[in-house]
Structures are given as structure tokens and as C-alpha cells.
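Taking it in order: structure first as C-alpha cells, then the write-up.
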Amino acid sequence: MNKLHAQLLRLFLLPDAAAWLATGPAGLTLPPPAAADALRLGVIGLPQAADWVQLAPLLNALQSGGLPLPALAIDGCSGLQLWFSLEQAASPAAVTAWLRGLAQRHLSGLPAGCYRVWPEGDTALPLLPMPLGPERWSAFIDPSLIGVFAETPWLEIEPNPERQAEVLAAVRSFSPADLARLHMAPTPAPPRVELPVGAETPAAHLPGGDPRQFLLAVMNDASLPLLARIEAAKALLHAPG
């Protein structure tokens with residue numbers, strides 16, 4: 001079993017899926033689950049990757065509560081996906097209800113129907129990474145690169161399995177205690193991302209205080225909170241030339 005398969009098994013699949021994973025490095029698809037199945041995976045999909053800025057309230061609620069962040073993926077077509085890992089398997093109905101509640105609470109900025117939930121509906125789910133045509137692959141991505149794929153949510157070459165494994169290695173599963181805390185958490189105020197008091201960024205002493213250079217430094221600084229990096233990327237998208 002390679003490192004990517006090991007991470008997929010750790011996060012999203014049941015132990016008996018190991019032999020199935022070994023049948024191919026790419027192109028595997030999870031069939032629509034039956035009502036009696038048990039799942040450790042749930043996915044929220046945004047059909048339009050340009051809506052990624054609307055994810056901030058959800059990611060902020062998770063991060064501020066010390067809860068796991070989902071794996072982020074580009075779907076290879078036009079959108080983004082959030083892959084949630086569950087420590088303990090649950091029924092498809094329970095996973096769907098949890099994700100629907102999460103989305104309705106924290107993705108209210110999206111128009112109704114502008115996100116999809118799996119395993120809801122009779123649909124299969126391609127296991128990433130997946131080839132979707134010539135020079136077009138779906139893949140897991142580093143969250144700091146989310147803005148890069150807003151217009152073209154795909155890779156033009158096959159993603160490196162080792163790098164895919166590294167991206168997934170940073171993801172952890174929701175434990176039953178995590179799920180209980182999230183269910184009981186109060187609705188958060190609109191997100192306000194601030195850098196820690198007294199913290200220095202790589203841009204703190206830039207000559208001339210170039211705003212674009214400052215935003216680039218914040219976006220690329222892995223030591224800063226994820227939401228601060230997303231806000232910096234969002235500001236760069238709207239910054240003049």
C-alpha cells in the first residue's frame with residue numbers, strides 16, 4: 001500500500017477497503033451507499049470554485065472551536081469539495097443530516113441549492129485524485145492555494161501521489177466528542193480574522209510597506225492561522241494591478 005492509499009484509508013474508508021484500493025492508483029469510484037451501509041466520509045461540494053470566499057464562516061467556526069478542518073479538493077470540472085473524515089462510521093442518512101446542518105448554519109451566504117452533499121442522492125463519488133479528461137485532474141490541494149484554482153479548478157498533469165499523501169496527512173478525523181461540541185456550539189458572529197497581538201509576519205519589515213507584498217507574505221506563511229491566509233488571498237484577488 002502506498003502512502004496516498006494509507007491516508008485515504010486512515011481518513012475516509014473502512015479497513016476492508018484496503019484490497020479494493022490496491023486495484024488501481026487512480027480512477028476508483030465509491031458507489032452510491034445503501035441505507036444500511038456505514039460511512040466515514042461526507043463531502044460538501046461547491047459547483048462554482050469562484051464561491052470559495054463563502055467558505056470562510058464554516059472554516060472559521062471549525063478552526064476557532066479547535067475542531068478538525070476538512071480536506072480541500074478541486075473537482076476537476078468547475079467547483080471545490082470539502083472532504084470530512086469521521087473517526088467512527090455512521091449511516092448515510094446521519095452523515096447527510098450532519099453535513100446539511102453544517103452547511104445551512106455556516107454557508108448561509110450561498111444561494112439555496114448552490115452546494116451539494118454526498119452521500120445524499122443516488123450518486124457515486126470519484127475517489128481523488130481522478131483523471132477527468134486530457135490535461136484535467138481532480139485532486140486534493142493545500143488550503144493556502146484555494147484562490148489559485150478559483151477560475152480553473154483542476155490540474156493539467158497527474159498529481160504526485162506523495163504530495164497528495166502529504167496534503168492529507170495534515171487532516172484529522174472528527175471524533176464523537178468533536179461532533180458533540182460542534183452540535184452544541186453557538187452560532188458564531190461574522191468572521192473577523194486578526195493576526196495574534198505582537199506577532200510578526202515576514203512582511204513586517206518590508207521596505208516601503210508594499211501592501212501587495214505584505215498580503216503575499218501573509219498568504220504564504222504557514223505559521224499563521226488558515227483564515228488569515230484566506231483573507232489575504234481574497235484581498236489579493238481584488239487588489240488593483
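We name chains A, B, ... following the order of the C-alpha cells; residues begin at 1 in each chain, and ligands are numbered from 1 as shown.
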Margin query: Give me the residues near region 157-167 of chain A as a ChimeraX atom specification, where near means some atom within 7 Å (using only C-alpha atoms) and where sequence neighbours in that chain fewer than 4 positions away do not count.
Written below: /A:3-4,7,135-137,139-142
Notebook entry, point to check: Any idea what's packed within 12 Å of region 111-117 of chain A, counting only C-alpha atoms, ignoring anything in its chain fewer than 6 positions away? Could you give it as JSON, numbers by chain?
Noted result: {"A": [41, 42, 43, 44, 45, 46, 47, 48, 49, 50, 51, 52, 54, 55, 79, 80, 81, 82, 83, 84, 92, 93, 95, 96, 97, 98, 99, 100, 101, 102, 103, 104, 123, 124, 125]}
Name all residues at most 8 Å from Leu11 (chain A) (count only C-alpha atoms; drop same-chain ones fewer than 4 positions away) and give them as a PDB file with N, CA, C and O atoms, in the first residue's frame.
ATOM      1  N   GLN A   7      -3.317   7.080   3.551  1.00  0.00           N
ATOM      2  CA  GLN A   7      -4.023   8.253   4.062  1.00  0.00           C
ATOM      3  C   GLN A   7      -5.520   8.191   3.736  1.00  0.00           C
ATOM      4  O   GLN A   7      -6.353   8.554   4.571  1.00  0.00           O
ATOM      5  N   ARG A  40     -17.424   6.658   6.676  1.00  0.00           N
ATOM      6  CA  ARG A  40     -16.549   7.551   7.441  1.00  0.00           C
ATOM      7  C   ARG A  40     -16.259   8.826   6.651  1.00  0.00           C
ATOM      8  O   ARG A  40     -15.345   9.574   6.974  1.00  0.00           O
ATOM      9  N   LEU A  41     -17.028   9.069   5.616  1.00  0.00           N
ATOM     10  CA  LEU A  41     -16.761  10.172   4.703  1.00  0.00           C
ATOM     11  C   LEU A  41     -18.047  10.915   4.380  1.00  0.00           C
ATOM     12  O   LEU A  41     -19.092  10.317   4.154  1.00  0.00           O
ATOM     13  N   SER A  85     -13.801  13.794   7.378  1.00  0.00           N
ATOM     14  CA  SER A  85     -13.465  12.461   7.867  1.00  0.00           C
ATOM     15  C   SER A  85     -14.103  12.222   9.229  1.00  0.00           C
ATOM     16  O   SER A  85     -14.031  13.079  10.116  1.00  0.00           O
ATOM     17  N   LEU A  86     -14.723  11.054   9.399  1.00  0.00           N
ATOM     18  CA  LEU A  86     -15.333  10.672  10.669  1.00  0.00           C
ATOM     19  C   LEU A  86     -14.531   9.538  11.300  1.00  0.00           C
ATOM     20  O   LEU A  86     -14.219   8.547  10.640  1.00  0.00           O
ATOM     21  N   GLU A  87     -14.207   9.704  12.573  1.00  0.00           N
ATOM     22  CA  GLU A  87     -13.457   8.679  13.298  1.00  0.00           C
ATOM     23  C   GLU A  87     -14.280   7.398  13.428  1.00  0.00           C
ATOM     24  O   GLU A  87     -13.759   6.288  13.302  1.00  0.00           O
ATOM     25  N   VAL A 171      -4.711  16.345   7.822  1.00  0.00           N
ATOM     26  CA  VAL A 171      -6.144  16.290   8.137  1.00  0.00           C
ATOM     27  C   VAL A 171      -6.380  15.275   9.253  1.00  0.00           C
ATOM     28  O   VAL A 171      -5.763  14.210   9.273  1.00  0.00           O
ATOM     29  N   ARG A 172      -7.272  15.595  10.179  1.00  0.00           N
ATOM     30  CA  ARG A 172      -7.645  14.619  11.202  1.00  0.00           C
ATOM     31  C   ARG A 172      -9.149  14.405  11.194  1.00  0.00           C
ATOM     32  O   ARG A 172      -9.924  15.223  10.683  1.00  0.00           O
ATOM     33  N   SER A 173      -9.567  13.288  11.754  1.00  0.00           N
ATOM     34  CA  SER A 173     -10.970  12.897  11.742  1.00  0.00           C
ATOM     35  C   SER A 173     -11.752  13.571  12.863  1.00  0.00           C
ATOM     36  O   SER A 173     -11.205  13.900  13.915  1.00  0.00           O
TER      37      SER A 173
END
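For the pair CA of Met1 (chain A) and CA of Leu128 (chain A), the interatomic distance is 16.0 Å.
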Checklist line | Option closest in space to Cys77 (chain A), from A:Thr152, A:Asn2, A:Ser175, A:Gln213 [counting only C-alpha atoms] | finding: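 Of all the options, A:Thr152 lies closest to Cys77 (chain A).
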